[in-house]
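Source file: final.cif (mmCIF, C-alpha atoms and all ligand atoms)
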```
data_run
#
loop_
_atom_site.group_PDB
_atom_site.id
_atom_site.type_symbol
_atom_site.label_atom_id
_atom_site.label_comp_id
_atom_site.auth_asym_id
_atom_site.auth_seq_id
_atom_site.Cartn_x
_atom_site.Cartn_y
_atom_site.Cartn_z
ATOM 1 C CA MET A 1 7.035 65.473 41.419
ATOM 2 C CA LEU A 2 6.548 67.342 38.205
ATOM 3 C CA GLU A 3 3.080 68.407 37.293
ATOM 4 C CA ARG A 4 2.225 66.787 33.973
ATOM 5 C CA ASP A 5 0.226 68.560 31.278
ATOM 6 C CA ALA A 6 -1.977 66.824 28.780
ATOM 7 C CA PRO A 7 0.398 65.763 26.011
ATOM 8 C CA ALA A 8 1.293 68.386 23.436
ATOM 9 C CA GLY A 9 -0.953 68.307 20.425
ATOM 10 C CA THR A 10 -3.944 66.770 22.173
ATOM 11 C CA GLY A 11 -7.348 68.197 22.899
ATOM 12 C CA ARG A 12 -7.333 70.595 19.968
ATOM 13 C CA GLY A 13 -8.672 68.469 17.201
ATOM 14 C CA SER A 14 -5.154 67.484 16.172
ATOM 15 C CA ARG A 15 -5.251 64.988 13.317
ATOM 16 C CA THR A 16 -1.767 63.588 13.754
ATOM 17 C CA PRO A 17 -1.379 60.238 15.526
ATOM 18 C CA GLU A 18 1.022 60.206 18.473
ATOM 19 C CA ASN A 19 3.362 57.613 16.967
ATOM 20 C CA VAL A 20 4.221 59.627 13.852
ATOM 21 C CA PRO A 21 7.734 61.150 14.086
ATOM 22 C CA VAL A 22 7.586 64.835 14.833
ATOM 23 C CA LEU A 23 10.212 65.553 12.215
ATOM 24 C CA THR A 24 11.968 63.544 9.532
ATOM 25 C CA VAL A 25 14.558 65.050 7.255
ATOM 26 C CA ASP A 26 15.854 62.987 4.367
ATOM 27 C CA GLY A 27 18.760 64.058 2.172
ATOM 28 C CA LEU A 28 18.209 67.764 2.799
ATOM 29 C CA VAL A 29 20.309 70.200 0.794
ATOM 30 C CA VAL A 30 20.200 73.960 1.366
ATOM 31 C CA GLU A 31 22.299 76.349 -0.656
ATOM 32 C CA HIS A 32 23.218 79.948 0.090
ATOM 33 C CA ARG A 33 24.977 82.504 -2.041
ATOM 34 C CA ASP A 34 28.148 83.832 -0.460
ATOM 35 C CA ARG A 35 27.577 87.538 0.103
ATOM 36 C CA GLY A 36 31.209 88.374 -0.627
ATOM 37 C CA THR A 37 32.060 86.261 -3.651
ATOM 38 C CA GLY A 38 28.547 85.654 -5.012
ATOM 39 C CA GLU A 39 29.291 81.929 -5.242
ATOM 40 C CA VAL A 40 26.645 79.387 -4.302
ATOM 41 C CA PHE A 41 27.652 76.939 -1.593
ATOM 42 C CA ARG A 42 25.935 74.117 0.301
ATOM 43 C CA ALA A 43 25.262 75.207 3.887
ATOM 44 C CA VAL A 44 23.394 71.897 4.418
ATOM 45 C CA ASP A 45 24.646 69.024 2.337
ATOM 46 C CA GLY A 46 22.548 65.851 2.326
ATOM 47 C CA VAL A 47 21.426 65.755 5.963
ATOM 48 C CA SER A 48 19.006 63.115 7.263
ATOM 49 C CA LEU A 49 17.613 62.935 10.778
ATOM 50 C CA ARG A 50 14.504 61.983 12.675
ATOM 51 C CA ILE A 51 12.973 63.260 15.905
ATOM 52 C CA ASP A 52 10.259 61.249 17.611
ATOM 53 C CA ALA A 53 7.557 62.582 19.909
ATOM 54 C CA GLY A 54 9.000 63.592 23.251
ATOM 55 C CA GLU A 55 12.598 63.095 22.128
ATOM 56 C CA SER A 56 15.283 65.683 22.725
ATOM 57 C CA ALA A 57 17.889 65.850 20.002
ATOM 58 C CA ALA A 58 20.736 68.255 19.487
ATOM 59 C CA VAL A 59 22.652 69.455 16.486
ATOM 60 C CA VAL A 60 26.175 70.465 17.455
ATOM 61 C CA GLY A 61 29.036 71.849 15.437
ATOM 62 C CA GLU A 62 31.298 74.840 15.217
ATOM 63 C CA SER A 63 30.093 78.240 14.023
ATOM 64 C CA GLY A 64 29.139 78.199 10.347
ATOM 65 C CA SER A 65 28.659 74.428 10.155
ATOM 66 C CA GLY A 66 25.040 74.889 9.026
ATOM 67 C CA LYS A 67 23.087 74.165 12.220
ATOM 68 C CA THR A 68 20.709 77.120 12.042
ATOM 69 C CA THR A 69 20.183 76.744 8.309
ATOM 70 C CA LEU A 70 19.239 73.101 8.910
ATOM 71 C CA ALA A 71 16.844 73.929 11.748
ATOM 72 C CA MET A 72 15.118 76.726 9.850
ATOM 73 C CA ALA A 73 14.700 74.642 6.699
ATOM 74 C CA ALA A 74 13.535 71.587 8.626
ATOM 75 C CA THR A 75 10.798 73.538 10.346
ATOM 76 C CA GLY A 76 9.596 75.210 7.173
ATOM 77 C CA LEU A 77 10.823 78.630 8.242
ATOM 78 C CA GLY A 78 13.889 78.942 6.073
ATOM 79 C CA PRO A 79 14.890 78.250 2.490
ATOM 80 C CA ARG A 80 15.218 74.613 1.503
ATOM 81 C CA GLY A 81 16.411 72.865 -1.604
ATOM 82 C CA ALA A 82 16.492 69.175 -2.429
ATOM 83 C CA GLY A 83 15.442 66.418 -0.036
ATOM 84 C CA GLU A 84 12.313 65.604 1.890
ATOM 85 C CA ILE A 85 11.087 67.129 5.138
ATOM 86 C CA ARG A 86 8.113 65.685 6.948
ATOM 87 C CA LEU A 87 6.659 67.617 9.832
ATOM 88 C CA LEU A 88 4.234 65.503 11.877
ATOM 89 C CA GLY A 89 4.033 63.165 8.907
ATOM 90 C CA HIS A 90 3.253 65.863 6.342
ATOM 91 C CA SER A 91 5.689 66.526 3.524
ATOM 92 C CA LEU A 92 6.473 70.250 3.480
ATOM 93 C CA ALA A 93 6.860 70.118 -0.304
ATOM 94 C CA THR A 94 3.270 69.043 -0.890
ATOM 95 C CA LEU A 95 1.484 70.826 1.942
ATOM 96 C CA GLY A 96 -0.915 73.499 0.844
ATOM 97 C CA ARG A 97 -0.576 76.979 2.339
ATOM 98 C CA ARG A 98 -3.599 76.543 4.581
ATOM 99 C CA ARG A 99 -2.392 73.273 6.085
ATOM 100 C CA LEU A 100 1.101 74.709 6.523
ATOM 101 C CA ARG A 101 -0.420 77.637 8.421
ATOM 102 C CA GLU A 102 -2.318 75.192 10.612
ATOM 103 C CA LEU A 103 0.864 73.249 11.348
ATOM 104 C CA ARG A 104 2.983 76.295 12.163
ATOM 105 C CA PRO A 105 1.933 76.562 15.826
ATOM 106 C CA GLU A 106 3.101 72.968 16.347
ATOM 107 C CA VAL A 107 6.673 74.207 16.044
ATOM 108 C CA GLN A 108 7.901 76.977 18.316
ATOM 109 C CA ILE A 109 11.371 78.456 18.266
ATOM 110 C CA VAL A 110 13.370 79.920 21.120
ATOM 111 C CA PHE A 111 16.267 82.041 19.871
ATOM 112 C CA GLN A 112 19.604 82.993 21.306
ATOM 113 C CA ASP A 113 18.829 86.659 21.935
ATOM 114 C CA PRO A 114 15.678 86.887 24.049
ATOM 115 C CA HIS A 115 15.528 90.685 24.013
ATOM 116 C CA GLY A 116 15.808 90.676 20.238
ATOM 117 C CA SER A 117 12.930 88.163 20.045
ATOM 118 C CA LEU A 118 10.523 90.320 22.043
ATOM 119 C CA ASP A 119 8.815 93.464 20.767
ATOM 120 C CA SER A 120 10.264 96.328 22.816
ATOM 121 C CA ARG A 121 6.937 98.226 22.621
ATOM 122 C CA GLN A 122 4.913 95.415 24.163
ATOM 123 C CA SER A 123 4.597 94.492 27.820
ATOM 124 C CA VAL A 124 4.760 90.776 28.591
ATOM 125 C CA ARG A 125 0.977 90.785 29.010
ATOM 126 C CA SER A 126 0.229 92.517 25.711
ATOM 127 C CA GLY A 127 2.620 90.175 23.900
ATOM 128 C CA LEU A 128 0.744 87.173 25.280
ATOM 129 C CA ARG A 129 -2.577 88.815 24.386
ATOM 130 C CA GLU A 130 -1.435 89.158 20.793
ATOM 131 C CA ILE A 131 -0.533 85.450 20.585
ATOM 132 C CA ARG A 132 -3.859 84.498 22.151
ATOM 133 C CA GLY A 133 -5.643 86.650 19.565
ATOM 134 C CA LEU A 134 -4.036 84.629 16.779
ATOM 135 C CA GLN A 135 -4.894 81.199 18.231
ATOM 136 C CA ARG A 136 -7.761 81.581 20.675
ATOM 137 C CA GLU A 137 -8.736 77.947 21.146
ATOM 138 C CA ARG A 138 -5.222 76.633 21.230
ATOM 139 C CA THR A 139 -4.066 79.095 23.884
ATOM 140 C CA SER A 140 -7.078 78.975 26.199
ATOM 141 C CA TRP A 141 -5.643 76.145 28.352
ATOM 142 C CA ILE A 142 -3.839 78.427 30.802
ATOM 143 C CA ASP A 143 -4.089 82.005 32.061
ATOM 144 C CA ASP A 144 -1.210 84.479 31.973
ATOM 145 C CA ALA A 145 -0.303 84.281 35.651
ATOM 146 C CA ALA A 146 -0.232 80.472 35.668
ATOM 147 C CA LEU A 147 1.792 80.466 32.451
ATOM 148 C CA LEU A 148 4.437 82.698 34.008
ATOM 149 C CA GLU A 149 4.502 80.469 37.056
ATOM 150 C CA ARG A 150 5.170 77.481 34.762
ATOM 151 C CA VAL A 151 8.423 79.145 33.712
ATOM 152 C CA ARG A 152 9.239 80.159 37.295
ATOM 153 C CA LEU A 153 8.477 83.840 36.836
ATOM 154 C CA SER A 154 6.390 86.000 39.116
ATOM 155 C CA PRO A 155 3.092 87.197 37.586
ATOM 156 C CA ASP A 156 4.235 90.661 38.752
ATOM 157 C CA LEU A 157 6.373 90.725 35.610
ATOM 158 C CA LEU A 158 3.325 90.707 33.326
ATOM 159 C CA ASP A 159 3.282 94.494 33.086
ATOM 160 C CA ARG A 160 6.980 94.867 32.425
ATOM 161 C CA TYR A 161 8.510 95.722 29.072
ATOM 162 C CA PRO A 162 11.461 93.764 27.650
ATOM 163 C CA HIS A 163 14.041 96.366 28.732
ATOM 164 C CA GLN A 164 12.829 95.915 32.312
ATOM 165 C CA LEU A 165 13.656 92.190 32.248
ATOM 166 C CA SER A 166 17.021 90.529 32.811
ATOM 167 C CA GLY A 167 18.329 88.257 30.055
ATOM 168 C CA GLY A 168 17.264 85.166 32.012
ATOM 169 C CA GLN A 169 13.782 86.570 32.671
ATOM 170 C CA ALA A 170 13.386 87.579 29.025
ATOM 171 C CA GLN A 171 14.383 84.076 27.885
ATOM 172 C CA ARG A 172 11.823 82.577 30.302
ATOM 173 C CA VAL A 173 9.191 84.867 28.771
ATOM 174 C CA CYS A 174 10.198 83.565 25.320
ATOM 175 C CA ILE A 175 9.850 79.983 26.579
ATOM 176 C CA ALA A 176 6.445 80.856 28.079
ATOM 177 C CA ARG A 177 5.300 82.286 24.745
ATOM 178 C CA ALA A 178 6.394 79.089 23.011
ATOM 179 C CA LEU A 179 4.672 76.929 25.643
ATOM 180 C CA LEU A 180 1.406 78.843 25.307
ATOM 181 C CA MET A 181 0.981 77.323 21.829
ATOM 182 C CA ARG A 182 1.266 73.741 23.157
ATOM 183 C CA PRO A 183 3.755 72.847 20.400
ATOM 184 C CA ARG A 184 4.808 69.328 19.399
ATOM 185 C CA LEU A 185 8.332 70.541 18.694
ATOM 186 C CA ILE A 186 10.374 73.239 20.374
ATOM 187 C CA VAL A 187 13.479 74.340 18.519
ATOM 188 C CA ALA A 188 15.962 76.052 20.820
ATOM 189 C CA ASP A 189 18.731 77.785 18.869
ATOM 190 C CA GLU A 190 21.629 78.472 21.264
ATOM 191 C CA PRO A 191 19.066 79.302 23.982
ATOM 192 C CA THR A 192 21.602 80.091 26.695
ATOM 193 C CA SER A 193 24.618 81.452 24.872
ATOM 194 C CA GLY A 194 23.448 85.058 25.240
ATOM 195 C CA LEU A 195 22.855 84.695 28.984
ATOM 196 C CA ASP A 196 25.026 85.204 32.053
ATOM 197 C CA VAL A 197 26.665 81.992 33.148
ATOM 198 C CA SER A 198 24.817 82.287 36.465
ATOM 199 C CA VAL A 199 21.388 81.867 34.841
ATOM 200 C CA GLN A 200 22.288 79.433 32.058
ATOM 201 C CA ALA A 201 21.824 76.339 34.215
ATOM 202 C CA ASP A 202 18.378 77.511 35.366
ATOM 203 C CA VAL A 203 17.176 78.052 31.802
ATOM 204 C CA LEU A 204 18.490 74.613 30.769
ATOM 205 C CA ALA A 205 16.720 73.036 33.744
ATOM 206 C CA LEU A 206 13.535 74.780 32.655
ATOM 207 C CA LEU A 207 13.847 73.406 29.108
ATOM 208 C CA ARG A 208 14.332 69.897 30.512
ATOM 209 C CA GLU A 209 11.267 70.311 32.685
ATOM 210 C CA VAL A 210 9.173 71.723 29.852
ATOM 211 C CA ARG A 211 9.969 68.679 27.769
ATOM 212 C CA GLN A 212 9.103 66.275 30.547
ATOM 213 C CA THR A 213 5.850 67.961 31.479
ATOM 214 C CA THR A 214 4.510 68.741 28.020
ATOM 215 C CA GLY A 215 5.819 65.790 26.024
ATOM 216 C CA ALA A 216 6.969 68.188 23.300
ATOM 217 C CA ALA A 217 10.046 67.123 21.371
ATOM 218 C CA LEU A 218 13.072 69.374 21.579
ATOM 219 C CA LEU A 219 15.589 70.167 18.862
ATOM 220 C CA MET A 220 18.473 72.047 20.396
ATOM 221 C CA ILE A 221 21.073 73.836 18.287
ATOM 222 C CA SER A 222 24.300 74.461 20.124
ATOM 223 C CA HIS A 223 28.051 74.657 19.807
ATOM 224 C CA ASP A 224 28.323 73.846 23.525
ATOM 225 C CA LEU A 225 28.610 70.122 24.169
ATOM 226 C CA ALA A 226 28.095 70.526 27.910
ATOM 227 C CA VAL A 227 24.741 72.239 27.277
ATOM 228 C CA VAL A 228 23.696 69.500 24.878
ATOM 229 C CA ARG A 229 24.638 66.709 27.215
ATOM 230 C CA SER A 230 22.722 68.264 30.098
ATOM 231 C CA VAL A 231 19.451 68.436 28.154
ATOM 232 C CA CYS A 232 19.392 66.080 25.170
ATOM 233 C CA ASP A 233 19.133 62.315 24.651
ATOM 234 C CA SER A 234 20.659 62.205 21.204
ATOM 235 C CA VAL A 235 23.053 64.306 19.185
ATOM 236 C CA HIS A 236 23.916 64.928 15.544
ATOM 237 C CA VAL A 237 27.396 66.318 14.968
ATOM 238 C CA MET A 238 27.530 68.666 12.013
ATOM 239 C CA ARG A 239 30.564 69.743 10.077
ATOM 240 C CA ARG A 240 30.605 71.854 6.921
ATOM 241 C CA GLY A 241 26.977 71.118 6.161
ATOM 242 C CA LYS A 242 27.124 67.357 6.736
ATOM 243 C CA VAL A 243 26.171 65.249 9.742
ATOM 244 C CA VAL A 244 29.342 63.289 10.467
ATOM 245 C CA GLU A 245 28.095 61.354 13.492
ATOM 246 C CA SER A 246 24.772 60.729 15.231
ATOM 247 C CA GLY A 247 23.762 58.741 18.285
ATOM 248 C CA PRO A 248 22.804 58.835 21.950
ATOM 249 C CA CYS A 249 24.718 61.579 23.831
ATOM 250 C CA GLU A 250 26.224 59.015 26.187
ATOM 251 C CA THR A 251 27.755 57.062 23.319
ATOM 252 C CA VAL A 252 28.846 59.955 21.154
ATOM 253 C CA PHE A 253 30.450 61.852 24.022
ATOM 254 C CA THR A 254 32.213 58.930 25.657
ATOM 255 C CA ASP A 255 33.103 56.887 22.585
ATOM 256 C CA PRO A 256 33.063 59.196 19.552
ATOM 257 C CA ALA A 257 33.461 57.517 16.189
ATOM 258 C CA HIS A 258 34.472 60.548 14.142
ATOM 259 C CA ALA A 259 37.710 62.511 14.412
ATOM 260 C CA TYR A 260 35.796 65.806 14.274
ATOM 261 C CA THR A 261 33.690 64.826 17.296
ATOM 262 C CA ARG A 262 36.891 63.994 19.143
ATOM 263 C CA GLU A 263 38.248 67.442 18.202
ATOM 264 C CA LEU A 264 35.116 69.146 19.524
ATOM 265 C CA LEU A 265 35.333 67.183 22.756
ATOM 266 C CA ALA A 266 39.014 67.907 23.191
ATOM 267 C CA ALA A 267 38.335 71.638 22.692
ATOM 268 C CA MET A 268 35.856 71.734 25.549
ATOM 269 C CA PRO A 269 36.960 73.664 28.606
ATOM 270 C CA GLY A 270 38.518 71.096 30.910
ATOM 271 C CA ALA A 271 37.831 68.432 28.253
ATOM 272 C CA ARG A 272 35.274 66.998 30.665
ATOM 273 C CA TRP A 273 34.329 64.050 28.505
ATOM 274 C CA ARG A 274 37.468 62.567 27.171
ATOM 275 C CA ALA A 275 37.159 60.201 24.262
ATOM 276 C CA ARG A 276 38.224 56.630 24.847
ATOM 277 C CA ARG A 277 39.864 56.307 21.454
HETATM 278 N N1 LIG A 301 20.904 83.912 4.435
HETATM 279 C C1 LIG A 301 22.170 83.555 4.182
HETATM 280 N N2 LIG A 301 22.779 83.968 3.060
HETATM 281 C C2 LIG A 301 24.048 83.611 2.761
HETATM 282 N N3 LIG A 301 24.794 82.826 3.559
HETATM 283 C C3 LIG A 301 24.243 82.388 4.711
HETATM 284 C C4 LIG A 301 22.905 82.718 5.077
HETATM 285 N N4 LIG A 301 22.634 82.142 6.280
HETATM 286 C C5 LIG A 301 23.740 81.467 6.649
HETATM 287 N N5 LIG A 301 24.697 81.611 5.714
HETATM 288 C C6 LIG A 301 26.033 80.988 5.718
HETATM 289 O O1 LIG A 301 25.811 79.579 5.735
HETATM 290 C C7 LIG A 301 26.775 78.930 6.584
HETATM 291 C C8 LIG A 301 26.043 78.179 7.683
HETATM 292 O O2 LIG A 301 25.433 79.143 8.544
HETATM 293 P P1 LIG A 301 24.545 78.720 9.795
HETATM 294 O O3 LIG A 301 24.119 79.989 10.472
HETATM 295 O O4 LIG A 301 23.517 77.774 9.359
HETATM 296 O O5 LIG A 301 25.628 77.964 10.677
HETATM 297 P P2 LIG A 301 25.624 77.687 12.236
HETATM 298 O O6 LIG A 301 26.293 76.389 12.406
HETATM 299 O O7 LIG A 301 24.251 77.851 12.778
HETATM 300 O O8 LIG A 301 26.580 78.855 12.744
HETATM 301 P P3 LIG A 301 26.448 79.760 14.078
HETATM 302 O O9 LIG A 301 26.650 78.820 15.218
HETATM 303 O O10 LIG A 301 27.556 80.752 13.908
HETATM 304 O O11 LIG A 301 25.079 80.374 14.019
HETATM 305 C C9 LIG A 301 27.689 80.021 7.087
HETATM 306 O O12 LIG A 301 28.814 80.068 6.231
HETATM 307 C C10 LIG A 301 26.858 81.289 6.950
HETATM 308 O O13 LIG A 301 27.679 82.408 6.774
#
```
Output the structure of this file as structure tokens.
Amino acid sequence: MLERDAPAGTGRGSRTPENVPVLTVDGLVVEHRDRGTGEVFRAVDGVSLRIDAGESAAVVGESGSGKTTLAMAATGLGPRGAGEIRLLGHSLATLGRRRLRELRPEVQIVFQDPHGSLDSRQSVRSGLREIRGLQRERTSWIDDAALLERVRLSPDLLDRYPHQLSGGQAQRVCIARALLMRPRLIVADEPTSGLDVSVQADVLALLREVRQTTGAALLMISHDLAVVRSVCDSVHVMRRGKVVESGPCETVFTDPAHAYTRELLAAMPGARWRARR
């Protein structure tokens, strides 16, 4: 039996009702300037999606399709152009700076390169202390040793520095740091692609467990359909800045409607989930 936390976002004076979608994106456009040619192009081109509380959704697509740009814009951390983004019911366009700052901890991001995400000069313990210093009330629900145990790490690692951690351990520390904030939404951007194959499954299992025990929603960015299917309920397939197909993983992977999804599936090693069409 999994130990269940109090739901994410509760017990801290949160003003957002539980039934409000964690994230809604409507007609989002994000443009970048090509570094080589100087031309402006649409990295995200009219994308709409919605993630409800506790849901796990993935954005898949080949490299350069705009997944990271979408995730960063949708969470208020990257540039955004036209379209509406609502985080926990609040439109990012109209939120004042103070309210945006208050909302920030509700979204935590786990990146691909765990060592690059951690400060090499900080031990695990001092990194956690710094986060606690920023959000004392919010982070007081668990002590450091128990937090590490939640991500299946020994508390003995608290005094280690990033270079003394394996890739899998470092990624678990990153997940622990995200968890400490009790977020409503965890964005995981290719969370296992920098890890040895031997530890990838363990980290994915941990993400699944974190979602079940905390009730946080998960937005996973990945080019790996097997990873997505093992963790997420629903998937948005992205190609050249547009979402070409969305739906439950079961449906999209077994009965894809779009030719591009079928291409992605066919390119998978062993083509484990062959399309019916
Ligand atoms: N800050 C930026 N300035 C200019 N172009 C950018 C910037 N960030 C991303 N791009 C370009 O926008 C496009 C989409 O990039 P993005 O990283 O969002 O795609 P992705 O699907 O996440 O790819 P990957 O899986 O390789 O990370 C790419 O052509 C990329 O080179």
Evaluated on this file, the PyMOL selection byres (((chain A and resi 248) around 10) and not hetatm) picks out some residues - which ones are they, written as a list in words?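 That expression, the PyMOL selection byres (((chain A and resi 248) around 10) and not hetatm), corresponds here to Ala57, Ala58, Arg229, Cys232, Asp233, Ser234, Val235, His236, Ser246, Gly247, Cys249, Glu250, Thr251, Val252 and Phe253 of chain A.
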Just to be explicit: take each residue in the selection above, keep C-alpha atoms, and write the result as a CSV table (one decimal), in the frame of the given file.
```
chain,number,residue,atom,x,y,z
A,57,ALA,CA,17.9,65.8,20.0
A,58,ALA,CA,20.7,68.3,19.5
A,229,ARG,CA,24.6,66.7,27.2
A,232,CYS,CA,19.4,66.1,25.2
A,233,ASP,CA,19.1,62.3,24.7
A,234,SER,CA,20.7,62.2,21.2
A,235,VAL,CA,23.1,64.3,19.2
A,236,HIS,CA,23.9,64.9,15.5
A,246,SER,CA,24.8,60.7,15.2
A,247,GLY,CA,23.8,58.7,18.3
A,249,CYS,CA,24.7,61.6,23.8
A,250,GLU,CA,26.2,59.0,26.2
A,251,THR,CA,27.8,57.1,23.3
A,252,VAL,CA,28.8,60.0,21.2
A,253,PHE,CA,30.4,61.9,24.0
```
Apply the PyMOL selection byres (((chain A and resi 84) around 9) and not hetatm) to the structure shown and report the selected residues as JSON, numbers by chain. {"A": [24, 25, 26, 27, 28, 48, 82, 83, 85, 86, 91, 92, 93]}
Given the file shown, enumerate the residues that the PyMOL selection byres (((not hetatm)) within 9 of (chain A and resi 301)) captures and present them as a ChimeraX atom specification. /A:31-35,40-44,59-72,78-79,189-190,221-223,238-241
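Interatomic distance, CA of Leu218 (chain A) against CA of Arg104 (chain A): 15.4 Å.
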Return the single residue from A:Arg184, A:His115, A:Arg50, A:Arg136 that is closest to Gly168 (chain A), with distances computed using all atoms listed in the file.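 The closest residue to Gly168 (chain A) is A:His115.
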Let me make sure I understand: among A:Pro162, A:Ser230, A:Leu103, A:Gly36, which one has the smallest atom-to-atom distance to Met181 (chain A) if we use only C-alpha atoms?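 Under the stated criterion, the closest residue is A:Leu103.
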Kindly give the distance, in Å, that separates CA of Ala259 (chain A) and CA of Asp45 (chain A), rounded to a single decimal.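 Distance reported for this atom pair: 18.9 Å.
Take CA of Ser193 (chain A) and CA of Gly54 (chain A): the distance between them is 23.8 Å.
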Nearest-residue call for Ala201 (chain A), choices A:Met220, A:Ala267, A:Val173, A:Val227, using only C-alpha atoms: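 Ranked by minimum distance to Ala201 (chain A), first place goes to A:Val227.
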Within 12 Å of region 87-90 of chain A, which residues of region 155-250 of chain A show up? Give each one with its shortest atom-to-atom distance in Å (one decimal) and the two atoms involved, counting only C-alpha atoms, rows by chain then rising residue number, as a Markdown table.
```
| residue | atom | partner | partner_atom | distance |
| --- | --- | --- | --- | --- |
| A:Pro183 | CA | A:Leu88 | CA | 11.3 |
| A:Arg184 | CA | A:Leu88 | CA | 8.5 |
| A:Leu185 | CA | A:Leu88 | CA | 9.4 |
| A:Ala217 | CA | A:Leu88 | CA | 11.2 |
```
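Closest approach to Ile175 (chain A) from the set A:Asp119, A:Arg132, A:Asp224, A:Val110 is made by A:Val110, with distances taken over all atoms listed in the file.
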Shortest contact to Pro105 (chain A), candidates A:Leu179, A:Leu157, A:Ala188, A:Met268, atoms counted all atoms listed in the file, goes to A:Leu179
Between A:Gln171, A:Thr254, A:Ser166, A:Thr213, which one has atoms that come closest to Ala266 (chain A), using only C-alpha atoms? A:Thr254
Repaired coordinates for region 229-240 of chain A (N, CA and C atoms) as a PDB file, in the frame of the given file:
```
ATOM      1  N   ARG A 229      24.668  67.927  26.410  1.00  0.00           N
ATOM      2  CA  ARG A 229      24.638  66.709  27.215  1.00  0.00           C
ATOM      3  C   ARG A 229      23.710  66.845  28.427  1.00  0.00           C
ATOM      4  N   SER A 230      23.560  68.094  28.914  1.00  0.00           N
ATOM      5  CA  SER A 230      22.722  68.264  30.098  1.00  0.00           C
ATOM      6  C   SER A 230      21.231  68.217  29.762  1.00  0.00           C
ATOM      7  N   VAL A 231      20.879  68.360  28.495  1.00  0.00           N
ATOM      8  CA  VAL A 231      19.451  68.436  28.154  1.00  0.00           C
ATOM      9  C   VAL A 231      18.993  67.329  27.205  1.00  0.00           C
ATOM     10  N   CYS A 232      19.870  66.910  26.289  1.00  0.00           N
ATOM     11  CA  CYS A 232      19.392  66.080  25.170  1.00  0.00           C
ATOM     12  C   CYS A 232      19.735  64.599  25.305  1.00  0.00           C
ATOM     13  N   ASP A 233      18.897  63.762  24.676  1.00  0.00           N
ATOM     14  CA  ASP A 233      19.133  62.315  24.651  1.00  0.00           C
ATOM     15  C   ASP A 233      20.083  61.953  23.518  1.00  0.00           C
ATOM     16  N   SER A 234      19.864  62.603  22.368  1.00  0.00           N
ATOM     17  CA  SER A 234      20.659  62.205  21.204  1.00  0.00           C
ATOM     18  C   SER A 234      21.292  63.436  20.563  1.00  0.00           C
ATOM     19  N   VAL A 235      22.317  63.188  19.764  1.00  0.00           N
ATOM     20  CA  VAL A 235      23.053  64.306  19.185  1.00  0.00           C
ATOM     21  C   VAL A 235      23.463  63.984  17.747  1.00  0.00           C
ATOM     22  N   HIS A 236      23.425  65.019  16.916  1.00  0.00           N
ATOM     23  CA  HIS A 236      23.916  64.928  15.544  1.00  0.00           C
ATOM     24  C   HIS A 236      25.073  65.921  15.449  1.00  0.00           C
ATOM     25  N   VAL A 237      26.219  65.447  15.051  1.00  0.00           N
ATOM     26  CA  VAL A 237      27.396  66.318  14.968  1.00  0.00           C
ATOM     27  C   VAL A 237      27.533  66.792  13.525  1.00  0.00           C
ATOM     28  N   MET A 238      27.550  68.111  13.357  1.00  0.00           N
ATOM     29  CA  MET A 238      27.530  68.666  12.013  1.00  0.00           C
ATOM     30  C   MET A 238      28.845  69.364  11.695  1.00  0.00           C
ATOM     31  N   ARG A 239      29.336  69.103  10.509  1.00  0.00           N
ATOM     32  CA  ARG A 239      30.564  69.743  10.077  1.00  0.00           C
ATOM     33  C   ARG A 239      30.447  70.101   8.592  1.00  0.00           C
ATOM     34  N   ARG A 240      30.666  71.375   8.311  1.00  0.00           N
ATOM     35  CA  ARG A 240      30.605  71.854   6.921  1.00  0.00           C
ATOM     36  C   ARG A 240      29.388  71.330   6.178  1.00  0.00           C
TER      37      ARG A 240
END
```
